[in-house]
Amino acid sequence: MQKKLSLVAATLVLVGLSACSLLPDKIDETKNWSSSKLYSEAREEMAGGHYERAIMLFGKLESGYPFGTYAQQAQMEIAYAYYKSNDQAQALAAVERFIKLHPNHPNVDYMYYLRGLINFNDQIGFLNFVYTQDPTERDPKATREAFAAFKLLVEKFPNSQYTPDGIERMNYLINAMAQYEVHVARYYYRRGAYLAAANRAQSAVSDYPASPAVEEALYLMVLSYEKLGMPELRDGANRVFLKNYPDSNFLPANAVKADKQWWKIW
């Protein structure tokens with residue numbers, strides 16, 4: 001009798017387990033939500049900084065109502081949410097996807113702008129805050145990509161509301177790229193690689209002539225050509241330097257500013 005009861009109990013347990021396995025692990029509360037409900041809830045999560053939850057809801061909205069009013073807006077919101085959550089790769093992928101799918105969307109200019117912002121903000125990462133590193137001393141790949149993105153925005157959408165800000169950021173990025181070249185030139189000069197220093201400084205002058213960094217670039221060119229024993233190139237760089245920066249802080253305090261031989265006093 002006891003054996004029969006044990007068999008019955010075991011059977012009931014198995015049946016119970018089978019029944020449980022048929023139930024969903026978690027009830028999807030959004031299953032019957034309308035597109036407007038999904039959108040409003042996702043926006044609320046976004047406003048609260050809950051980007052992972054917002055991305056999930058926008059994703060459900062896009063997949064559940066692909067031809068609805070909010071579908072394309074959801075795609076844009078997903079890109080922005082990834083951007084705000086500092087997921088650069090996913091943010092860029094979402095931007096590129098939207099531009100590819102909707103090249104003529106009335107708000108596609110914003111996506112071009114967002115692409116620039118994603119790369120722009122990548123210049124200053126976590127390690128910079130830890131080590132207080134000057135962002136101009138980092139590899140300028142993200143800087144160049146941000147500049148290219150903003151440049152494309154300005155060229156394709158000159159009348160966009162985002163273009164003025166894009167232009168301002170481009171000017172900042174130009175200065176950052178020029179300063180990076182000067183930083184590398186300074187690095188080479190201090191290590192006695194004078195030809196490399198002169199070449200990098202020349203790149204800053206040629207590529208970014210309106211940047212404030214040109215002053216130090218010319219200064220480094222004069223010093224580098226002097227070390228290399230190239231008087232003609234040295235004097236040419238010095239003429240440009242003194243003409244444009246007669247009161248430069250790079251000139252020695254006891255030098256006669258108009259004297260071509262100031263570098264010998266240094």
# chains A, B, ... in the order shown; residues from 1 in each chain; ligands from 1
>>> residues_around(residues="stretch 85-91 of chain A", least_positions_apart="6", cutoff="9 Å", atoms="only C-alpha atoms", output="list of chain:residue names")
A:Gly49, A:His50, A:Tyr51, A:Glu52, A:Ile78, A:Ala79, A:Leu114, A:Arg115, A:Ile118, A:Asn119, A:Asn121, A:Asp122
>>> closest_residue(among="A:Tyr65, A:Tyr162, A:Tyr180, A:Tyr172", to="A:Ala201", atoms="only C-alpha atoms")
A:Tyr180
>>> residues_around(residues="A:Ser63", least_positions_apart="2", cutoff="12 Å", atoms="only C-alpha atoms", output="list in words")
Lys31, Ser35, Leu38, Met56, Leu57, Phe58, Gly59, Lys60, Leu61, Tyr65, Pro66, Phe67, Gly68, Tyr70, Ala71, Gln72, Ala74 and Gln75 of chain A
>>> select_by_dssp(residues="stretch 1-222 of chain A", states="helix (DSSP H, G or I)", output="PyMOL selection string")
chain A and resi 2-22+35-47+51-64+71-84+88-101+108-121+126-131+135-137+141-156+163-190+194-207+214-222
>>> residues_around(residues="A:Leu195", least_positions_apart="4", cutoff="9 Å", atoms="only C-alpha atoms", output="mmCIF file with C-alpha atoms, in the first residue's frame")
data_model
loop_
_atom_site.group_PDB
_atom_site.id
_atom_site.type_symbol
_atom_site.label_atom_id
_atom_site.label_comp_id
_atom_site.auth_asym_id
_atom_site.auth_seq_id
_atom_site.Cartn_x
_atom_site.Cartn_y
_atom_site.Cartn_z
ATOM 1 C CA TYR A 188 59.354 64.051 -31.059
ATOM 2 C CA TYR A 189 61.327 67.234 -30.398
ATOM 3 C CA ASN A 199 57.047 67.322 -40.227
ATOM 4 C CA ARG A 200 54.241 67.010 -37.649
ATOM 5 C CA SER A 224 63.582 71.729 -35.204
ATOM 6 C CA TYR A 225 65.121 73.182 -38.377
ATOM 7 C CA LEU A 228 68.722 69.877 -38.148
#
